[in-house]
Structure formats: structure tokens, C-alpha cells
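The structure file my_file_33.pdb is reproduced below (PDB, C-alpha atoms (C1' of nucleotides)).
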ATOM      1  CA  MET W   1      32.321 -54.430  49.860
ATOM      2  CA  ASN W   2      33.600 -57.843  50.976
ATOM      3  CA  ILE W   3      32.778 -61.110  49.294
ATOM      4  CA  GLY W   4      30.140 -61.971  51.890
ATOM      5  CA  GLU W   5      28.043 -58.953  51.051
ATOM      6  CA  ALA W   6      28.576 -59.434  47.317
ATOM      7  CA  SER W   7      27.372 -62.977  47.814
ATOM      8  CA  GLY W   8      24.284 -61.830  49.685
ATOM      9  CA  ARG W   9      23.421 -59.219  47.079
ATOM     10  CA  SER W  10      24.019 -61.427  44.050
ATOM     11  CA  GLY W  11      22.640 -64.688  45.389
ATOM     12  CA  LEU W  12      25.815 -66.528  44.424
ATOM     13  CA  PRO W  13      27.812 -68.504  47.031
ATOM     14  CA  ALA W  14      31.180 -66.975  47.887
ATOM     15  CA  LYS W  15      32.816 -70.134  46.616
ATOM     16  CA  THR W  16      31.280 -69.634  43.204
ATOM     17  CA  ILE W  17      32.293 -65.985  43.121
ATOM     18  CA  ARG W  18      35.895 -66.936  43.792
ATOM     19  CA  TYR W  19      35.656 -69.558  41.084
ATOM     20  CA  TYR W  20      34.385 -66.964  38.611
ATOM     21  CA  GLU W  21      37.432 -64.908  39.457
ATOM     22  CA  ASP W  22      39.709 -67.908  38.865
ATOM     23  CA  ILE W  23      38.361 -68.346  35.371
ATOM     24  CA  GLY W  24      38.582 -64.636  34.671
ATOM     25  CA  LEU W  25      34.944 -63.565  34.681
ATOM     26  CA  ILE W  26      35.295 -60.830  37.296
ATOM     27  CA  ARG W  27      38.259 -58.846  38.595
ATOM     28  CA  PRO W  28      37.590 -57.360  42.003
ATOM     29  CA  ASP W  29      40.046 -54.997  43.648
ATOM     30  CA  ARG W  30      41.982 -56.097  46.712
ATOM     31  CA  GLY W  31      42.146 -54.223  49.984
ATOM     32  CA  GLY W  32      45.393 -53.793  51.938
ATOM     33  CA  ASN W  33      44.424 -56.845  53.984
ATOM     34  CA  GLY W  34      44.177 -59.023  50.894
ATOM     35  CA  TYR W  35      40.394 -59.126  51.012
ATOM     36  CA  ARG W  36      38.519 -58.895  47.728
ATOM     37  CA  ASP W  37      36.705 -55.605  47.282
ATOM     38  CA  TYR W  38      33.579 -55.532  45.126
ATOM     39  CA  GLY W  39      31.809 -52.539  43.640
ATOM     40  CA  ASP W  40      28.193 -52.163  42.599
ATOM     41  CA  ASP W  41      28.985 -52.963  38.990
ATOM     42  CA  ASP W  42      30.605 -56.206  40.126
ATOM     43  CA  VAL W  43      27.381 -57.090  41.901
ATOM     44  CA  HIS W  44      25.472 -56.324  38.709
ATOM     45  CA  LYS W  45      27.683 -58.720  36.807
ATOM     46  CA  LEU W  46      27.380 -61.395  39.469
ATOM     47  CA  ARG W  47      23.620 -61.069  39.509
ATOM     48  CA  PHE W  48      23.577 -61.340  35.761
ATOM     49  CA  LEU W  49      25.762 -64.456  35.929
ATOM     50  CA  HIS W  50      23.519 -66.000  38.552
ATOM     51  CA  ARG W  51      20.475 -65.512  36.396
ATOM     52  CA  SER W  52      21.764 -66.555  33.049
ATOM     53  CA  ARG W  53      23.420 -69.642  34.495
ATOM     54  CA  SER W  54      20.125 -70.691  36.060
ATOM     55  CA  LEU W  55      18.460 -70.246  32.676
ATOM     56  CA  GLY W  56      20.634 -72.874  31.072
ATOM     57  CA  PHE W  57      23.383 -70.776  29.516
ATOM     58  CA  SER W  58      26.891 -72.176  29.847
ATOM     59  CA  VAL W  59      29.589 -70.199  31.586
ATOM     60  CA  ASP W  60      31.122 -69.571  28.195
ATOM     61  CA  GLU W  61      27.889 -68.155  26.826
ATOM     62  CA  CYS W  62      27.676 -65.928  29.887
ATOM     63  CA  ARG W  63      31.194 -64.801  29.172
ATOM     64  CA  GLN W  64      30.131 -63.793  25.660
ATOM     65  CA  LEU W  65      27.123 -61.925  26.974
ATOM     66  CA  LEU W  66      29.241 -60.107  29.541
ATOM     67  CA  ALA W  67      31.734 -59.275  26.806
ATOM     68  CA  LEU W  68      28.956 -57.497  24.907
ATOM     69  CA  TYR W  69      29.023 -55.008  27.699
ATOM     70  CA  GLU W  70      32.642 -54.958  28.662
ATOM     71  CA  ASP W  71      34.529 -54.972  25.411
ATOM     72  CA  LYS W  72      33.875 -51.423  24.358
ATOM     73  CA  SER W  73      36.214 -51.781  21.398
ATOM     74  CA  ARG W  74      34.284 -54.648  19.835
ATOM     75  CA  ALA W  75      32.705 -53.837  16.509
ATOM     76  CA  SER W  76      28.991 -53.286  16.599
ATOM     77  CA  ALA W  77      28.295 -55.920  13.951
ATOM     78  CA  ASP W  78      29.796 -58.567  16.258
ATOM     79  CA  VAL W  79      27.624 -57.378  19.091
ATOM     80  CA  LYS W  80      24.581 -57.700  16.906
ATOM     81  CA  ASP W  81      25.511 -61.172  15.715
ATOM     82  CA  ILE W  82      26.077 -62.572  19.171
ATOM     83  CA  ALA W  83      23.091 -60.838  20.674
ATOM     84  CA  SER W  84      20.654 -61.871  17.972
ATOM     85  CA  SER W  85      21.771 -65.483  17.997
ATOM     86  CA  LYS W  86      21.128 -65.451  21.728
ATOM     87  CA  LEU W  87      17.755 -63.888  21.087
ATOM     88  CA  THR W  88      16.752 -66.874  18.995
ATOM     89  CA  GLU W  89      17.800 -69.218  21.747
ATOM     90  CA  ILE W  90      15.981 -67.204  24.375
ATOM     91  CA  ASP W  91      12.789 -67.335  22.341
ATOM     92  CA  ARG W  92      13.074 -71.097  22.084
ATOM     93  CA  LYS W  93      13.619 -71.403  25.819
ATOM     94  CA  ILE W  94      10.585 -69.248  26.519
ATOM     95  CA  ARG W  95       8.442 -71.349  24.192
ATOM     96  CA  GLU W  96       9.583 -74.570  25.815
ATOM     97  CA  LEU W  97       9.066 -73.257  29.323
ATOM     98  CA  THR W  98       5.587 -72.162  28.375
ATOM     99  CA  GLU W  99       4.758 -75.638  27.109
ATOM    100  CA  LEU W 100       6.243 -77.260  30.195
ATOM    101  CA  ARG W 101       4.199 -74.886  32.288
ATOM    102  CA  ARG W 102       1.014 -75.842  30.520
ATOM    103  CA  THR W 103       1.706 -79.525  31.017
ATOM    104  CA  LEU W 104       2.353 -79.166  34.729
ATOM    105  CA  GLU W 105      -0.697 -76.991  35.105
ATOM    106  CA  TYR W 106      -2.687 -79.763  33.532
ATOM    107  CA  LEU W 107      -1.159 -82.245  35.928
ATOM    108  CA  VAL W 108      -2.083 -80.117  38.922
ATOM    109  CA  HIS W 109      -5.626 -79.352  37.880
ATOM    110  CA  ALA W 110      -6.779 -82.270  35.808
ATOM    111  CA  CYS W 111      -5.479 -85.043  38.028
ATOM    112  CA  HIS W 112      -7.273 -83.783  41.084
ATOM    113  CA  GLY W 113      -7.817 -85.474  44.369
ATOM    114  CA  ASN W 114      -7.203 -89.117  43.619
ATOM    115  CA  ALA W 115      -4.573 -91.401  42.188
ATOM    116  CA  ARG W 116      -3.892 -90.625  38.545
ATOM    117  CA  PRO W 117      -4.227 -93.755  36.501
ATOM    118  CA  ASP W 118      -2.973 -92.458  33.168
ATOM    119  CA  CYS W 119      -1.902 -88.853  33.440
ATOM    120  CA  PRO W 120      -0.352 -88.456  30.013
ATOM    121  CA  ILE W 121       2.309 -85.990  31.053
ATOM    122  CA  LEU W 122       4.996 -87.317  28.780
ATOM    123  CA  GLU W 123       2.807 -87.574  25.733
ATOM    124  CA  GLU W 124       1.753 -84.003  26.382
ATOM    125  CA  LEU W 125       5.345 -82.985  26.806
ATOM    126  CA  SER W 126       6.506 -84.433  23.557
ATOM    127  CA  GLU W 127       3.434 -83.748  21.440
ATOM    128  CA  HIS W 128       4.263 -80.095  21.122
ATOM    129  CA  THR W 129       7.842 -80.570  20.030
TER     130      THR W 129
ATOM    131  CA  MET S   1      15.146 -99.048  18.235
ATOM    132  CA  ASN S   2      18.908 -98.758  18.793
ATOM    133  CA  ILE S   3      20.595 -96.006  20.742
ATOM    134  CA  GLY S   4      21.599 -94.155  17.590
ATOM    135  CA  GLU S   5      18.022 -93.656  16.500
ATOM    136  CA  ALA S   6      16.929 -92.794  20.033
ATOM    137  CA  SER S   7      19.703 -90.213  20.039
ATOM    138  CA  GLY S   8      18.570 -88.783  16.734
ATOM    139  CA  ARG S   9      14.955 -88.573  17.828
ATOM    140  CA  SER S  10      15.623 -87.096  21.251
ATOM    141  CA  GLY S  11      18.473 -84.780  20.379
ATOM    142  CA  LEU S  12      20.608 -86.228  23.166
ATOM    143  CA  PRO S  13      24.091 -87.660  22.408
ATOM    144  CA  ALA S  14      24.319 -91.443  22.823
ATOM    145  CA  LYS S  15      26.923 -90.870  25.523
ATOM    146  CA  THR S  16      24.442 -88.867  27.546
ATOM    147  CA  ILE S  17      21.732 -91.469  27.078
ATOM    148  CA  ARG S  18      24.023 -94.178  28.436
ATOM    149  CA  TYR S  19      24.896 -91.906  31.331
ATOM    150  CA  TYR S  20      21.220 -91.404  32.127
ATOM    151  CA  GLU S  21      20.913 -95.158  32.245
ATOM    152  CA  ASP S  22      23.884 -95.403  34.628
ATOM    153  CA  ILE S  23      22.223 -93.043  37.071
ATOM    154  CA  GLY S  24      18.901 -94.829  36.746
ATOM    155  CA  LEU S  25      16.820 -92.367  34.775
ATOM    156  CA  ILE S  26      15.827 -94.749  31.989
ATOM    157  CA  ARG S  27      15.737 -98.535  31.721
ATOM    158  CA  PRO S  28      15.832 -99.680  28.109
ATOM    159  CA  ASP S  29      15.415-103.331  27.216
ATOM    160  CA  ARG S  30      18.333-105.284  25.814
ATOM    161  CA  GLY S  31      18.273-107.289  22.615
ATOM    162  CA  GLY S  32      19.848-110.706  22.281
ATOM    163  CA  ASN S  33      22.972-109.054  20.907
ATOM    164  CA  GLY S  34      23.355-106.909  24.021
ATOM    165  CA  TYR S  35      22.241-103.761  22.228
ATOM    166  CA  ARG S  36      19.968-101.369  24.091
ATOM    167  CA  ASP S  37      16.424-101.336  22.752
ATOM    168  CA  TYR S  38      14.361 -98.178  23.139
ATOM    169  CA  GLY S  39      10.635 -97.733  22.756
ATOM    170  CA  ASP S  40       8.645 -94.629  21.874
ATOM    171  CA  ASP S  41       7.969 -93.852  25.506
ATOM    172  CA  ASP S  42      11.709 -93.928  26.171
ATOM    173  CA  VAL S  43      12.175 -91.373  23.418
ATOM    174  CA  HIS S  44       9.481 -89.240  25.043
ATOM    175  CA  LYS S  45      11.358 -89.323  28.301
ATOM    176  CA  LEU S  46      14.667 -88.567  26.643
ATOM    177  CA  ARG S  47      13.180 -85.637  24.785
ATOM    178  CA  PHE S  48      11.719 -84.374  28.008
ATOM    179  CA  LEU S  49      15.107 -84.717  29.713
ATOM    180  CA  HIS S  50      16.830 -82.894  26.884
ATOM    181  CA  ARG S  51      14.466 -79.984  27.177
ATOM    182  CA  SER S  52      14.270 -79.549  30.877
ATOM    183  CA  ARG S  53      18.033 -79.874  31.263
ATOM    184  CA  SER S  54      18.561 -77.112  28.708
ATOM    185  CA  LEU S  55      16.152 -74.941  30.669
ATOM    186  CA  GLY S  56      18.310 -75.004  33.760
ATOM    187  CA  PHE S  57      16.729 -77.818  35.761
ATOM    188  CA  SER S  58      19.176 -80.140  37.486
ATOM    189  CA  VAL S  59      19.191 -83.828  36.696
ATOM    190  CA  ASP S  60      17.649 -84.394  40.093
ATOM    191  CA  GLU S  61      14.804 -82.010  39.388
ATOM    192  CA  CYS S  62      14.247 -83.796  36.096
ATOM    193  CA  ARG S  63      14.130 -87.038  38.016
ATOM    194  CA  GLN S  64      11.375 -85.604  40.209
ATOM    195  CA  LEU S  65       9.420 -84.426  37.205
ATOM    196  CA  LEU S  66       9.758 -87.807  35.518
ATOM    197  CA  ALA S  67       8.654 -89.451  38.751
ATOM    198  CA  LEU S  68       5.408 -87.488  38.568
ATOM    199  CA  TYR S  69       4.628 -89.606  35.563
ATOM    200  CA  GLU S  70       6.213 -92.888  36.431
ATOM    201  CA  ASP S  71       5.389 -93.460  40.047
ATOM    202  CA  LYS S  72       1.746 -94.357  39.646
ATOM    203  CA  SER S  73       1.458 -95.182  43.323
ATOM    204  CA  ARG S  74       2.466 -91.737  44.502
ATOM    205  CA  ALA S  75      -0.241 -89.861  46.326
ATOM    206  CA  SER S  76      -1.855 -87.085  44.374
ATOM    207  CA  ALA S  77      -1.074 -84.463  47.026
ATOM    208  CA  ASP S  78       2.641 -85.104  46.510
ATOM    209  CA  VAL S  79       2.244 -84.730  42.800
ATOM    210  CA  LYS S  80       0.526 -81.419  43.295
ATOM    211  CA  ASP S  81       3.173 -80.164  45.702
ATOM    212  CA  ILE S  82       6.076 -80.976  43.458
ATOM    213  CA  ALA S  83       4.363 -79.792  40.317
ATOM    214  CA  SER S  84       3.215 -76.487  41.742
ATOM    215  CA  SER S  85       6.590 -75.690  43.264
ATOM    216  CA  LYS S  86       8.051 -76.273  39.818
ATOM    217  CA  LEU S  87       5.366 -74.040  38.347
ATOM    218  CA  THR S  88       6.589 -71.166  40.494
ATOM    219  CA  GLU S  89      10.122 -71.722  39.332
ATOM    220  CA  ILE S  90       9.060 -71.943  35.707
ATOM    221  CA  ASP S  91       7.246 -68.630  36.007
ATOM    222  CA  ARG S  92      10.336 -67.025  37.439
ATOM    223  CA  LYS S  93      12.461 -68.405  34.629
ATOM    224  CA  ILE S  94      10.024 -67.107  32.018
ATOM    225  CA  ARG S  95      10.050 -63.658  33.623
ATOM    226  CA  GLU S  96      13.828 -63.559  33.707
ATOM    227  CA  LEU S  97      14.169 -64.750  30.143
ATOM    228  CA  THR S  98      11.715 -62.108  29.032
ATOM    229  CA  GLU S  99      13.757 -59.408  30.742
ATOM    230  CA  LEU S 100      16.982 -60.746  29.288
ATOM    231  CA  ARG S 101      15.326 -60.768  25.904
ATOM    232  CA  ARG S 102      14.305 -57.159  26.236
ATOM    233  CA  THR S 103      17.802 -56.142  27.212
ATOM    234  CA  LEU S 104      19.416 -57.901  24.270
ATOM    235  CA  GLU S 105      16.808 -56.502  21.928
ATOM    236  CA  TYR S 106      17.736 -53.076  23.170
ATOM    237  CA  LEU S 107      21.393 -53.841  22.592
ATOM    238  CA  VAL S 108      20.731 -54.928  19.033
ATOM    239  CA  HIS S 109      18.438 -52.065  18.053
ATOM    240  CA  ALA S 110      19.462 -49.105  20.149
ATOM    241  CA  CYS S 111      23.212 -49.401  19.722
ATOM    242  CA  HIS S 112      23.047 -49.438  15.951
ATOM    243  CA  GLY S 113      25.792 -49.041  13.453
ATOM    244  CA  ASN S 114      28.615 -47.602  15.475
ATOM    245  CA  ALA S 115      30.638 -48.296  18.599
ATOM    246  CA  ARG S 116      28.472 -48.185  21.692
ATOM    247  CA  PRO S 117      29.956 -45.757  24.165
ATOM    248  CA  ASP S 118      27.777 -46.510  27.163
ATOM    249  CA  CYS S 119      25.322 -49.259  26.362
ATOM    250  CA  PRO S 120      23.889 -49.803  29.835
ATOM    251  CA  ILE S 121      23.215 -53.507  29.399
ATOM    252  CA  LEU S 122      24.137 -54.468  32.925
ATOM    253  CA  GLU S 123      22.223 -51.680  34.593
ATOM    254  CA  GLU S 124      19.258 -52.728  32.508
ATOM    255  CA  LEU S 125      19.815 -56.309  33.473
ATOM    256  CA  SER S 126      19.880 -55.692  37.178
ATOM    257  CA  GLU S 127      17.374 -52.883  37.379
ATOM    258  CA  HIS S 128      14.472 -55.246  37.000
ATOM    259  CA  THR S 129      15.600 -57.715  39.656
TER     260      THR S 129
ATOM    261  C1'  DG I   1      45.333 -55.750  75.547
ATOM    262  C1'  DC I   2      43.218 -59.997  74.922
ATOM    263  C1'  DT I   3      40.009 -63.165  73.584
ATOM    264  C1'  DT I   4      36.140 -64.739  70.815
ATOM    265  C1'  DG I   5      33.458 -65.282  66.872
ATOM    266  C1'  DA I   6      32.597 -64.086  62.392
ATOM    267  C1'  DC I   7      34.708 -62.857  58.765
ATOM    268  C1'  DC I   8      38.386 -63.526  55.117
ATOM    269  C1'  DT I   9      42.496 -66.055  52.586
ATOM    270  C1'  DT I  10      44.661 -70.130  49.781
ATOM    271  C1'  DC I  11      44.846 -74.886  48.683
ATOM    272  C1'  DC I  12      43.473 -79.478  47.937
ATOM    273  C1'  DA I  13      40.199 -82.889  47.203
ATOM    274  C1'  DG I  14      35.496 -84.416  45.754
ATOM    275  C1'  DT I  15      31.181 -84.213  43.008
ATOM    276  C1'  DA I  16      27.926 -83.789  38.967
ATOM    277  C1'  DA I  17      27.133 -84.204  34.373
ATOM    278  C1'  DC I  18      28.934 -85.228  30.958
ATOM    279  C1'  DG I  19      32.708 -86.015  26.484
ATOM    280  C1'  DG I  20      36.757 -88.404  24.052
ATOM    281  C1'  DG I  21      38.796 -92.263  22.666
ATOM    282  C1'  DA I  22      40.492 -97.012  22.951
ATOM    283  C1'  DA I  23      39.558-101.985  22.262
ATOM    284  C1'  DG I  24      36.501-104.999  20.675
ATOM    285  C1'  DG I  25      31.797-107.309  19.144
ATOM    286  C1'  DT I  26      27.565-106.971  15.543
ATOM    287  C1'  DT I  27      25.142-106.113  11.349
ATOM    288  C1'  DC I  28      24.447-105.204   6.761
ATOM    289  C1'  DA I  29      25.440-104.176   1.949
ATOM    290  C1'  DT I  30      28.419-105.031  -1.775
TER     291       DT I  30
ATOM    292  C1'  DA X   1      33.871-112.054   3.298
ATOM    293  C1'  DT X   2      35.260-107.688   4.060
ATOM    294  C1'  DG X   3      34.580-102.980   5.013
ATOM    295  C1'  DA X   4      31.665 -99.351   6.929
ATOM    296  C1'  DA X   5      28.749 -98.217  10.306
ATOM    297  C1'  DC X   6      26.833 -99.476  14.022
ATOM    298  C1'  DC X   7      27.013-101.158  18.969
ATOM    299  C1'  DT X   8      29.399-102.578  23.704
ATOM    300  C1'  DT X   9      32.284-101.517  28.126
ATOM    301  C1'  DC X  10      35.972 -99.097  30.369
ATOM    302  C1'  DC X  11      38.751 -95.473  31.697
ATOM    303  C1'  DC X  12      40.378 -91.005  31.746
ATOM    304  C1'  DG X  13      39.535 -85.793  31.091
ATOM    305  C1'  DT X  14      36.629 -81.549  31.568
ATOM    306  C1'  DT X  15      33.341 -78.171  33.318
ATOM    307  C1'  DA X  16      31.367 -75.968  36.931
ATOM    308  C1'  DC X  17      31.268 -76.008  40.906
ATOM    309  C1'  DT X  18      31.279 -77.625  46.546
ATOM    310  C1'  DG X  19      33.365 -78.960  51.063
ATOM    311  C1'  DG X  20      36.789 -78.721  54.274
ATOM    312  C1'  DA X  21      41.305 -77.875  56.337
ATOM    313  C1'  DA X  22      44.722 -74.524  57.961
ATOM    314  C1'  DG X  23      45.451 -70.121  58.872
ATOM    315  C1'  DG X  24      45.142 -64.615  58.732
ATOM    316  C1'  DT X  25      41.856 -60.331  59.926
ATOM    317  C1'  DC X  26      38.513 -57.519  62.229
ATOM    318  C1'  DA X  27      35.139 -55.533  65.483
ATOM    319  C1'  DA X  28      33.031 -56.152  70.036
ATOM    320  C1'  DG X  29      33.207 -56.986  74.742
ATOM    321  C1'  DC X  30      35.694 -57.786  79.101
TER     322       DC X  30
END

Take the structure in the file and give it back as C-alpha cells.
Amino acid sequence: MNIGEASGRSGLPAKTIRYYEDIGLIRPDRGGNGYRDYGDDDVHKLRFLHRSRSLGFSVDECRQLLALYEDKSRASADVKDIASSKLTEIDRKIRELTELRRTLEYLVHACHGNARPDCPILEELSEHT
Amino acid sequence: MNIGEASGRSGLPAKTIRYYEDIGLIRPDRGGNGYRDYGDDDVHKLRFLHRSRSLGFSVDECRQLLALYEDKSRASADVKDIASSKLTEIDRKIRELTELRRTLEYLVHACHGNARPDCPILEELSEHT
DNA sequence: GCTTGACCTTCCAGTAACGGGAAGGTTCAT
DNA sequence: ATGAACCTTCCCGTTACTGGAAGGTCAAGC
């Protein structure tokens, strides 16, 4: 498929997809016309990149995560190390999002209807750190 | 307190804290010596910024969230709108992190000990989208 | 077959969100 | 009073894109 469809299916702008190719994250085929040609697995990777980027992982971390899949020759111990260090980080992110969620929920429900004089959102936010 | 201590307490590099001042996110006082002087509430804000940035919110989204607290004159309906649209996004992020977590967990436990021939991490990753 | 519009290509320049490091002022302990 | 450890501004570099120009390709309709 062309880059437009890959963009539509992955949610990533075509510009970004080309950029990811520039920095070596994905290697699409080329048609005789010079157009990039993406397969379903490319779309999987792009979708994965879209997600993990939006969750606060750097492009380099995404590259590591992708490598877990792609580098079939990598030793399993390495895979475990990288994956479990990411697991720790993911758990932290989930905890923090949950706390942020609770705080916003409070803001929506507790400060109802009228001007909030002293909604303690920031105190809430930092109390649970 | 000086920027070094504010950095230590918030987890943000001093460079980043100065940058956040440049773009108008925080307004510390200045001492007679020209040094920036941070209060506890500044540290709260910085800690909040540190967190929400690492969770994939843009600086501009963080600015909105901070504004929920700071702009006391804002109408409550606006607060609710912004906060609840962020709530939706937070829920999505939590869902995606949970799925990513499950996939990595699988990678760590299911592909144990030896070279993985066909660890379907990407299929897993995209299946649940 | 020829145009037209929606694709695609490369390239170059700009932006956002920092980070490194120079050049110099301040503070504090020895 | 001198060195270490802070702090200041300024400027340049990097990461991860984003916009736009200039031009090639393709499928549909006349």
C-alpha cells in the first residue's frame, strides 16, 4: 500500500512516517514508480510507534522495543532485561496517570457549578508523589 | 529556595526550569542577587509539569492543566470541559499502557530461556487496537 | 490523448522542547 | 581570601518532527 493508506491505518502523518524511515525505524519496499510500498507488518510497527510515542517513550526507547521483535538473533536474556526495565517504567506511568485521573475527576465533580475559590489541584497532584 | 533545590525537589533539570520560565509557565521571584527564588507552590507546579510531560502531554496541554488551577477567574464550565476532555485522553493512555504491559509481560515470560523464533509481539500489540 | 486533481517524490527551512558549554557574578567554608 | 559550588545570561546544537516548494505519477472523465 502507499504511504497515504499506511498513514490512515496507523494514525501517523505521512511526514512522520518518512521521517521514521530517514532515521532507520522502518524500511518499506519501493515500487517501480519510486513510491514507498508498505505491508501489514509495517502498519503494525507504525501503529506501535504511534502509541508508544504518545505514551511518553522516546524514539530511541521505541527503537529498543521494536528491536525486541525484529532482532531475532538477540539473546533472550537481553530481551528480558530491556522488557522488564520497561515494565517498571510502564507501571510507574500507569500509577501516575491514575493519580492524575483522580485529581481531575475531583476537579470536575467537586468544583461544581460555580467559581472555584481554592480548588487544591496542585496540592492534590503533589501529595501523592 | 534556589533553582538547584527546586530542581532536586521537582526532578526537573535546572535548564528545563529556566526554559519553562522563558515560555511563561512559572514566574519565580528574584532575590537581590538576581537569583531565582522558588516557593513550595512553584515546586508543586514543577513536579506536576515533570509528571505530565513524561506521560506524553505536550507543554501546551500542561499549560492548560496548570491554568485550571491558576486562572481563578475562569468559568467553571470551561474548567469542566478541559478537564473532562483530558480525562478521556488519560483513560485511553491507561488502556494502551495496560495493553503494552501485557505484551511485554508475555515477551518476558513466554519466550523464556532460548531464542524466540516467532514471538508475535507486534501482532499482539496491534490486535487490541 | 489530454487534462485535472489527488496522489507521490525529494529537499530545504522552521518549530518545539530542550541540552551543552562558555564567560562571568555570588556565596560560603576553610 | 581563595577555591568549590553555586548562580546568571547567551548562544549554539539536537531531537522529533512540520510546512511548503518544485516536480513526477496515476486514475477518471471528456

For the structure shown, which residues end up in the PyMOL selection byres ((chain I) within 9 of (chain W))? Put them as a PDB file with C-alpha atoms (C1' of nucleotides), in the frame of the given file, please?
ATOM      1  C1'  DC I   7      34.708 -62.857  58.765  1.00  0.00           C
ATOM      2  C1'  DC I   8      38.386 -63.526  55.117  1.00  0.00           C
ATOM      3  C1'  DT I   9      42.496 -66.055  52.586  1.00  0.00           C
TER       4       DT I   9
END

Inset, instruction - Define the interface residues of chain X facing chain S as those within 12 Å, counting all atoms listed in the file, and report them as a count of residues only. - result: 5

Inset, instruction - Go through the shown structure with the PyMOL selection byres ((chain S and resi 63) around 12) and write out the matching residues as a list in words. - result: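 Applying the expression gives Tyr20, Ile23, Gly24, Leu25, Ile26, Lys45, Leu46, Phe48, Leu49, Ser52, Arg53, Phe57, Ser58, Val59, Asp60, Glu61, Cys62, Gln64, Leu65, Leu66, Ala67, Leu68, Tyr69, Glu70, Asp71 and Ile82 of chain S.
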
Legend entry - Given all atoms listed in the file as the counted atoms, nearest of W:Asp37, W:Gly11, W:Glu21, W:Arg30 to chain S: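 Of W:Asp37, W:Gly11, W:Glu21, W:Arg30, the one nearest chain S is W:Gly11, counting all atoms listed in the file.
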
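Distance-wise, atom CA of W:Leu12 and atom CA of W:His50 end up 6.3 Å apart.
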
Legend entry - Protein, DNA and RNA residues within 10 Å of (36.6, -97.8, 23.3), only C-alpha atoms (C1' of nucleotides), as an NGL selection string: (:I and (20-24)) or (:X and (8-11))

Legend entry - Ground truth for the PyMOL selection byres ((chain S and resi 6) around 12), written as a PyMOL selection string: chain S and resi 1-5+7-18+28+36-47

Legend entry - Residue among W:Tyr19, W:Glu99, W:Lys93, W:Ser85 lying closest to chain S, counting only C-alpha atoms: W:Lys93

Inset, instruction - Please provide the set of residues having any atom within 12 Å of X:DA4, restricted to all atoms listed in the file, with same-chain residues fewer than 2 positions apart removed, written as an NGL selection string. - result: (:I and (27-30)) or (:X and (2 or 6))

Inset, instruction - Excluding X:DG20 and residues on its chain fewer than 6 positions from it, collect all residues at most 12 Å away from it, counting all atoms listed in the file, and give them as a ChimeraX atom specification. - result: /I:11-14

Inset, instruction - Quote the spacing between atom CA of S:Lys80 and atom CA of W:Gly56 in Å to one decimal place. - result: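 It comes out at 25.0 Å.
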
Legend entry - Nearest to chain W, chosen from S:Asp22, S:Leu55, S:Arg102, S:Arg92, with only C-alpha atoms counted in the distances: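 Checking each of S:Asp22, S:Leu55, S:Arg102, S:Arg92 against chain W, counting only C-alpha atoms, the winner is S:Leu55.
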
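One finds atom CA of W:Leu97 at 15.5 Å from atom CA of W:Arg51.
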
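In this comparison, which uses only C-alpha atoms, the residue of W:Glu89, W:Thr103, W:Ile94, W:Gly32 approaching chain S most closely is W:Ile94.
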
Legend entry - Selected residue of minimal separation from chain S among W:Arg27, W:Ala83, W:Thr88, W:Arg95, counting all atoms listed in the file: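 Ranking W:Arg27, W:Ala83, W:Thr88, W:Arg95 by distance to chain S, first place goes to W:Ala83.
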
Test item: axis-aligned box, all listed atoms of stretch 40-57 of chain W, 5 Å on each side, centre and edges in Å rounded to one decimal, as AutoDock Vina command-line options:
--center_x 24.5 --center_y -62.5 --center_z 36.1 --size_x 22.1 --size_y 30.7 --size_z 23.1
